[in-house]
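First the structure, in the form of structure tokens, and then the observations on it.
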Amino acid sequence: MKKNILSVTISALLLSLCSCSDFLDRYPQEELSDGSFWTKPVDAEMFVADIYGVLPGSANGDIDGDINSDNAVHGIKWAAGDVSKGIYDPAGFGWSGSYSSIRACNILLEKIDMIEDYPTADKEATIGEARFLRGYLYFELIQQFGDVPYVESSLALDQLEGITRTPREEVYKKVMEDFDYAIEKLPKEWSSDKYGRITKGAAYAMKARAALYYADWEVAAAASKAVIDSNQYELFDAEGTGRYAELFWESQEACSEAILVRQFNAPDNTNYIIGWECFPTKGWGGINPTQSLVDAFECIDGAPISKSSLYKENDPFTNRDPRLEVCVLHDGEEMYGTVIKVAPLKSSGNTGIAQHGDATATGYYQQKWLDPSIDPQSTGWDMGKDWHVIRFAEVLLTYAEAKNETTPLDDSAFEAVNRVRRRAGIPELQKTDASKPTYCGTQDELRQRIRNEWRVEFALEGGKRQWDIRRWGIASEVLNAPFLGLKYKLVDDPSSPDGQRCILYEGENIKLTGSRYSDHNYVYPVPQSEIDLNPALTQNSGY
């Protein structure tokens with residue numbers, strides 16, 4: 001059972017003070033008076049631990065983020081948010097939660113000097129955690145909204161009236177300063193009883209993520225290389241023995257690939273991944289991969305399906321990148337004692353296309369977190385796997401992409417992306433033999449293969465694809481294209497109990513509602529509720 005400072009301090013805080021939201025929202029008028037709270041180091045550690053909840057990993061928010069891209073649609077039809085439909089209504093957005101947490105970070109930074117006899121290294125590490133979290137929150141805000149108000153003091157939300165939006169470039173600079181402080185002051189690792197706390201490696205990795213988003217190539221390459229050169233992290237099953245699926249099971253939540261996690265501990269703090277993503281025995285739709293995502297996985301010869309002689313349209317899951325089977329649950333597979341049948345026929349049962357309101361919309365189901373050790377019939381809602389906010393594969397692909405942009409076709413870029421491919425059991429990309437399907441002879445050829453590696457390695461995992469297609473400038477192309485599911489056709493068959501039978505992978509693709517995107521959707525609209533409260537805020541162009 002996981003026991004660590006985050007779970008312990010939060011529990012203690014709740015028992016001695018109040019709820020998390022009250023804890024942050026009601027300061028300083030009530031419980032957290034200067035005289036009674038900021039007196040000993042554990043007070044600061046408890047306070048910053050409470051802010052860790054801003055890290056991604058919630059079931060109906062971060063985990064289903066791929067529905068906002070071309071990777072997936074929501075099988076639970078009522079749960080599909082506006083962005084997934086291409087609707088960007090200013091009334092539907094908000095940022096008050098982020099600013100409440102930023103305020104909490106600022107409170108700690110203002111009050112921590114009140115604590116006497118705080119060992120310097122410990123104090124600076126706690127400040128580093130708060131500055132990391134503040135930097136992370138502001139990075140997410142500028143990623144979503146562009147220019148945003150930048151506040152470095154503990155102003156309450158109702159004190160922000162009159163504050164204007166700070167240019168995104170200035171906020172980005174502040175974000176980098178916060179990450180740099182965290183890099184300098186945080187330890188390389190914590191003791192085992194402090195599992196889950198932010199480390200120097202996590203700060204480097206998050207800095208690399210932010211720099212990559214804004215094409216700050218040299219910074220992204222340097223920060224990711226620092227993580228690689230630390231030799232603290234490694235891909236799980238780096239030798240590629242076929243255990244990749246286990247990376248997404250509870251048994252591997254604290255493996256060497258995990259750089260930063262958000263902690264869960266069922267049943268007290270569950271992430272609901274299995275129940276939300278896919279309840280296969282009930283045909284609960286969850287997150288349904290699109291045909292576009294399925295087609296993105298190469299064949300085992302290292303060629304895209306459009307160029308591989310191994311690909312068979314009527315047998316599309318044979319001879320494919322093994323990660324496809326890890327991500328996508330398809331017709332004929334057995335999970336938890338149920339054989340998945342996706343034919344749109346009554347005899348297919350709950351798992352068939354359109355058999356009920358929450359059944360698969362595409363003919364495919366999400367599979368990545370279907371841990372065989374957890375029975376979804378009884379405890380599926382109580383999965384306690386920690387969410388990998390950053391894992392080492394991201395750092396390798398960040399370095400590969402950034403290095404290829406600064407030094408085209410550099411050997412180290414090939415090596416970084418090929419470490420991810422080797423683990424998956426896919427042939428390495430190379431620049432010496434043009435006769436092979438893995439050949440990348442130009443910067444753009446390697447760029448496109450790295451981009452596809454991002455897609456398949458992180459498929460259905462936290463919504464990275466939404467932001468990748470924006471930063472690459474291809475969101476309009478892929479979100480305005482038709483959204484499709486698998487192909488099937490129905491033919492008359494009197495011997496069938498349905499009077500028909502279904503032939504899969506032939507006929508017409510399922511046509512989905514899909515999304516839409518205009519260039520101004522690169523950033524979200526400024527929340528209308530915030531403009532109503534503070535007329536000094538301006539709206540983003542196009543909204």
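Identifiers for the structure tokens are assigned positionally: chains receive A, B, ... in sequence, residues are indexed from 1 per chain, and ligands are indexed from 1 in the order shown.
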So that I can see what lies close to A:Ala459, please list as an MDAnalysis selection string the residues with an atom at most 10 Å from it, counting only C-alpha atoms and leaving out residues fewer than 5 positions away in the same chain.
chainID A and resid 66 71:72 289 293:294 296 323:324 327:328 366 368 453:454 464:465
Name all residues at most 12 Å from A:Leu490 (count only C-alpha atoms; drop same-chain ones fewer than 3 positions away) and give them as an MDAnalysis selection string.
chainID A and resid 343:345 487 493 496 498:508
Would you write out those residues with N, CA and C atoms, as a JSON list (two decimals), in the first residue's frame?
[["chain", "number", "residue", "atom", "x", "y", "z"],
["A", 343, "ALA", "N", -20.30, -6.03, -34.00],
["A", 343, "ALA", "CA", -21.28, -5.99, -35.08],
["A", 343, "ALA", "C", -22.56, -5.30, -34.59],
["A", 344, "PRO", "N", -23.16, -4.45, -35.42],
["A", 344, "PRO", "CA", -24.38, -3.73, -35.01],
["A", 344, "PRO", "C", -25.62, -4.61, -35.14],
["A", 345, "LEU", "N", -25.57, -5.77, -34.52],
["A", 345, "LEU", "CA", -26.67, -6.73, -34.56],
["A", 345, "LEU", "C", -27.12, -7.04, -33.15],
["A", 487, "LYS", "N", -14.91, 0.00, -40.88],
["A", 487, "LYS", "CA", -15.78, -0.36, -42.00],
["A", 487, "LYS", "C", -16.59, -1.61, -41.65],
["A", 493, "ASP", "N", -28.95, -12.80, -44.28],
["A", 493, "ASP", "CA", -28.54, -14.15, -43.91],
["A", 493, "ASP", "C", -29.67, -14.77, -43.09],
["A", 496, "SER", "N", -29.12, -16.47, -39.72],
["A", 496, "SER", "CA", -28.72, -15.70, -38.54],
["A", 496, "SER", "C", -29.95, -15.35, -37.72],
["A", 498, "ASP", "N", -30.58, -12.69, -36.44],
["A", 498, "ASP", "CA", -30.94, -11.31, -36.78],
["A", 498, "ASP", "C", -31.47, -11.18, -38.20],
["A", 499, "GLY", "N", -31.39, -12.27, -38.97],
["A", 499, "GLY", "CA", -31.78, -12.20, -40.37],
["A", 499, "GLY", "C", -30.72, -11.55, -41.22],
["A", 500, "GLN", "N", -29.67, -11.12, -40.61],
["A", 500, "GLN", "CA", -28.54, -10.51, -41.31],
["A", 500, "GLN", "C", -27.25, -10.95, -40.63],
["A", 501, "ARG", "N", -26.15, -10.78, -41.31],
["A", 501, "ARG", "CA", -24.85, -10.92, -40.67],
["A", 501, "ARG", "C", -24.00, -9.73, -41.05],
["A", 502, "CYS", "N", -23.01, -9.49, -40.26],
["A", 502, "CYS", "CA", -22.16, -8.32, -40.45],
["A", 502, "CYS", "C", -20.77, -8.75, -40.89],
["A", 503, "ILE", "N", -20.27, -8.10, -41.93],
["A", 503, "ILE", "CA", -18.90, -8.33, -42.38],
["A", 503, "ILE", "C", -18.08, -7.11, -42.00],
["A", 504, "LEU", "N", -17.12, -7.34, -41.14],
["A", 504, "LEU", "CA", -16.29, -6.23, -40.68],
["A", 504, "LEU", "C", -15.13, -5.98, -41.63],
["A", 505, "TYR", "N", -14.68, -4.73, -41.63],
["A", 505, "TYR", "CA", -13.53, -4.26, -42.39],
["A", 505, "TYR", "C", -13.78, -4.28, -43.89],
["A", 506, "GLU", "N", -15.05, -4.32, -44.26],
["A", 506, "GLU", "CA", -15.46, -4.16, -45.65],
["A", 506, "GLU", "C", -16.62, -3.18, -45.69],
["A", 507, "GLY", "N", -16.91, -2.66, -46.86],
["A", 507, "GLY", "CA", -18.04, -1.75, -46.98],
["A", 507, "GLY", "C", -17.65, -0.31, -46.72],
["A", 508, "GLU", "N", -18.48, 0.40, -45.94],
["A", 508, "GLU", "CA", -18.27, 1.82, -45.67],
["A", 508, "GLU", "C", -17.85, 2.05, -44.23]]
Skip A:Phe483 itself and residues of its chain fewer than 2 positions away, then list as a PyMOL selection string all residues within 12 Å of it, counting only C-alpha atoms.
chain A and resi 67+69-73+84-85+288-293+361-362+477-481+485-486+509-516
Among stretch 249-440 of chain A, which ones does DSSP place in alpha helix (DSSP H), written as a VMD selection string?
chain A and resid 273 to 277 291 to 296 323 to 327 392 to 406 411 to 424
Quick one: everything within 9 Å of A:Arg262, counting only C-alpha atoms, minus sequence neighbours fewer than 2 positions away in the same chain. Send it as JSON, numbers by chain.
{"A": [52, 53, 54, 55, 56, 57, 196, 260, 264, 386, 387, 388, 389]}
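Candidate residues A:Gly463, A:Gly97, A:Pro187, A:Gly75 were compared for distance to A:Thr199, and the nearest is A:Pro187, using only C-alpha atoms.
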Give me the residues near stretch 201-203 of chain A as an MDAnalysis selection string, where near means some atom within 7 Å (using only C-alpha atoms) and where sequence neighbours in that chain fewer than 4 positions away do not count.
chainID A and resid 132 179 182:183 188 207 227 259:260
